[in-house]
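Just below is one structure, and these are the notes that go with it.
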Amino acid sequence: QVQLVESGGGLVQPGGSLSLSCAASGNILRITTMGWHRQAPGKQRELIADIARGGWTNYADSVKGRFTISRDNAKNTVYLQMNSLKPEDTAVYYCTALHEGINYWGQGTQVAVSS
């Protein structure tokens, strides 16, 4: 079992920045890819960024160049730095961790971009 706890969501104005973090606990030794998904009201949940244990990253086109995913394997934590935020980035953001073929999910943190 893997437990994930996100933090760092909130309200920000368009063009602003926000940083999310997600700490993993439990059976963490074999966690491979970690990532961030989001779900906006009325829309399907989407993968926006993920990062392999070795550091290789992948981004959705909608956030490429604005968001940066990183991880600290020693702290079992994954981060998402979000810059140049737009109202369409408003969503609940979920952290995920792949462990022995099972994708674990955090409880989600709300990000709202509004003036």
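By convention here, the chains of the structure tokens are called A, B, ... in the order presented, each chain's residues are numbered starting at 1, and ligands are numbered starting at 1 in the order presented.
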
- Message: I'd like the neighbourhood of region 26-40 of chain A as a PyMOL selection string, where a residue qualifies if any of its atoms comes within 8 Å (using only C-alpha atoms), though same-chain residues fewer than 2 positions away should be ignored.
- Response: chain A and resi 1-3+24+42-53+69+76+78+80+89-100

Just N, CA, C and O atoms for this one: save the residues we selected as a compact mmCIF listing (two decimals), in the first residue's frame.
# COMPACT_ATOMS: atom_id res chain seq x y z
N GLN A 1 0.83 -1.19 0.00
CA GLN A 1 0.00 0.00 0.00
C GLN A 1 0.87 1.25 0.00
O GLN A 1 1.93 1.28 0.62
N VAL A 2 0.41 2.25 -0.73
CA VAL A 2 1.09 3.53 -0.80
C VAL A 2 0.07 4.61 -0.47
O VAL A 2 -1.05 4.60 -0.99
N GLN A 3 0.45 5.52 0.40
CA GLN A 3 -0.40 6.66 0.72
C GLN A 3 0.24 7.92 0.15
O GLN A 3 1.47 8.10 0.23
N ALA A 24 4.80 10.72 -0.44
CA ALA A 24 4.41 9.32 -0.43
C ALA A 24 4.89 8.65 0.84
O ALA A 24 5.97 8.93 1.35
N GLY A 42 -16.87 19.26 -14.87
CA GLY A 42 -17.51 18.83 -16.10
C GLY A 42 -16.60 18.19 -17.12
O GLY A 42 -17.03 17.90 -18.24
N LYS A 43 -15.35 17.96 -16.76
CA LYS A 43 -14.39 17.38 -17.71
C LYS A 43 -13.80 16.09 -17.15
O LYS A 43 -13.87 15.82 -15.95
N GLN A 44 -13.22 15.33 -18.05
CA GLN A 44 -12.58 14.08 -17.64
C GLN A 44 -11.24 14.37 -16.97
O GLN A 44 -10.59 15.38 -17.24
N ARG A 45 -10.83 13.46 -16.11
CA ARG A 45 -9.53 13.58 -15.47
C ARG A 45 -8.46 13.38 -16.54
O ARG A 45 -8.58 12.52 -17.41
N GLU A 46 -7.40 14.20 -16.49
CA GLU A 46 -6.34 14.10 -17.49
C GLU A 46 -4.97 14.09 -16.82
O GLU A 46 -4.75 14.75 -15.80
N LEU A 47 -4.06 13.36 -17.45
CA LEU A 47 -2.66 13.37 -17.01
C LEU A 47 -2.01 14.64 -17.53
O LEU A 47 -2.09 14.93 -18.73
N ILE A 48 -1.36 15.39 -16.65
CA ILE A 48 -0.71 16.60 -17.12
C ILE A 48 0.81 16.50 -17.07
O ILE A 48 1.50 17.18 -17.84
N ALA A 49 1.35 15.68 -16.19
CA ALA A 49 2.80 15.53 -16.14
C ALA A 49 3.15 14.28 -15.35
O ALA A 49 2.45 13.93 -14.40
N ASP A 50 4.22 13.60 -15.77
CA ASP A 50 4.72 12.51 -14.95
C ASP A 50 6.24 12.46 -15.04
O ASP A 50 6.85 13.08 -15.92
N ILE A 51 6.82 11.75 -14.09
CA ILE A 51 8.27 11.70 -13.99
C ILE A 51 8.69 10.31 -13.53
O ILE A 51 8.16 9.78 -12.56
N ALA A 52 9.62 9.74 -14.25
CA ALA A 52 10.15 8.43 -13.90
C ALA A 52 11.13 8.55 -12.74
O ALA A 52 11.60 9.65 -12.42
N ARG A 53 11.44 7.42 -12.14
CA ARG A 53 12.35 7.46 -11.00
C ARG A 53 13.70 8.03 -11.39
O ARG A 53 14.35 8.70 -10.59
N ILE A 69 7.53 19.45 -13.44
CA ILE A 69 7.43 18.37 -12.45
C ILE A 69 8.84 17.98 -12.02
O ILE A 69 9.78 17.97 -12.83
N ASN A 76 10.83 11.01 -0.99
CA ASN A 76 9.62 10.36 -1.51
C ASN A 76 8.55 11.39 -1.83
O ASN A 76 7.36 11.20 -1.51
N VAL A 78 7.02 14.30 -4.75
CA VAL A 78 6.97 14.83 -6.11
C VAL A 78 6.37 16.23 -6.05
O VAL A 78 5.52 16.51 -5.21
N LEU A 80 5.08 19.92 -8.27
CA LEU A 80 4.61 20.50 -9.53
C LEU A 80 4.66 22.02 -9.38
O LEU A 80 3.90 22.60 -8.59
N ASP A 89 -6.78 26.40 -16.02
CA ASP A 89 -6.02 25.48 -15.17
C ASP A 89 -6.78 25.16 -13.88
O ASP A 89 -6.34 24.32 -13.09
N THR A 90 -7.90 25.83 -13.66
CA THR A 90 -8.70 25.55 -12.47
C THR A 90 -9.19 24.11 -12.48
O THR A 90 -9.80 23.65 -13.45
N ALA A 91 -8.88 23.39 -11.41
CA ALA A 91 -9.21 21.96 -11.35
C ALA A 91 -8.81 21.43 -9.98
O ALA A 91 -8.13 22.12 -9.20
N VAL A 92 -9.21 20.20 -9.73
CA VAL A 92 -8.66 19.46 -8.60
C VAL A 92 -7.45 18.69 -9.13
O VAL A 92 -7.55 17.99 -10.14
N TYR A 93 -6.33 18.85 -8.47
CA TYR A 93 -5.08 18.22 -8.89
C TYR A 93 -4.79 17.01 -8.01
O TYR A 93 -4.83 17.10 -6.77
N TYR A 94 -4.49 15.88 -8.67
CA TYR A 94 -4.24 14.63 -7.99
C TYR A 94 -2.82 14.15 -8.26
O TYR A 94 -2.35 14.16 -9.40
N CYS A 95 -2.20 13.70 -7.21
CA CYS A 95 -0.88 13.07 -7.32
C CYS A 95 -1.09 11.57 -7.52
O CYS A 95 -2.02 10.99 -6.95
N THR A 96 -0.22 10.95 -8.30
CA THR A 96 -0.28 9.50 -8.50
C THR A 96 1.10 8.89 -8.35
O THR A 96 2.12 9.54 -8.59
N ALA A 97 1.11 7.63 -7.99
CA ALA A 97 2.36 6.88 -7.87
C ALA A 97 2.12 5.46 -8.34
O ALA A 97 1.18 4.80 -7.90
N LEU A 98 2.98 5.01 -9.24
CA LEU A 98 2.88 3.66 -9.78
C LEU A 98 3.75 2.72 -8.95
O LEU A 98 4.97 2.94 -8.83
N HIS A 99 3.13 1.71 -8.40
CA HIS A 99 3.83 0.77 -7.52
C HIS A 99 3.39 -0.64 -7.87
O HIS A 99 2.22 -0.98 -7.69
N GLU A 100 4.32 -1.41 -8.41
CA GLU A 100 4.06 -2.82 -8.77
C GLU A 100 2.78 -2.96 -9.59
O GLU A 100 1.94 -3.81 -9.31

- Item | All strand (DSSP E) residues (DSSP, backbone) inside region 10-115 of chain A, as a ChimeraX atom specification | /A:10-12,18-26,31-39,46-51,57-59,67-72,77-82,91-99,102-105,109-113

- Task: Find the distance between CA of Gly15 (chain A) and CA of Thr57 (chain A) and write it in Å to one decimal.
- Result: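 If I compute the distance from CA of Gly15 (chain A) to CA of Thr57 (chain A), I get 23.6 Å.
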
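Residue nearest Pro41 (chain A) within the list A:Val111, A:Leu20, A:Ser25, A:Asp72: A:Val111 [criterion: smallest interatomic distance, only C-alpha atoms].
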
- Which of these, A:Ala60, A:Ile102, A:Ala112, A:Cys22, has the shortest distance to Lys75 (chain A) once you count only C-alpha atoms?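 Counting only C-alpha atoms, the residue closest to Lys75 (chain A) is A:Cys22.
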
- Closest to Ser115 (chain A) among A:Pro87, A:Asn73, A:Tyr79, A:Glu6, using only C-alpha atoms? A:Pro87

- Message: I want to know what sits within 7 Å of Phe67 (chain A), based on only C-alpha atoms, with residues of the same chain fewer than 5 positions away left out; could you give that as a ChimeraX atom specification?
- Response: /A:80-83

Residues from last step as file, C-alpha atoms, as a JSON list (two decimals), in the first residue's frame:
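Result written to part.json:
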[["chain", "number", "residue", "atom", "x", "y", "z"],
["A", 80, "LEU", "CA", 4.61, 20.50, -9.53],
["A", 81, "GLN", "CA", 5.66, 24.09, -10.14],
["A", 82, "MET", "CA", 2.93, 25.91, -12.02],
["A", 83, "ASN", "CA", 3.69, 29.24, -13.69]]

- Between CA of Val113 (chain A) and CA of Ser70 (chain A), distance in Å (one decimal):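 Going from CA of Val113 (chain A) over to CA of Ser70 (chain A) covers 22.0 Å.
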
- Message: Can you measure CA of Thr109 (chain A) to CA of Ser21 (chain A) for me? One decimal in Å is fine.
- Response: 9.9 Å
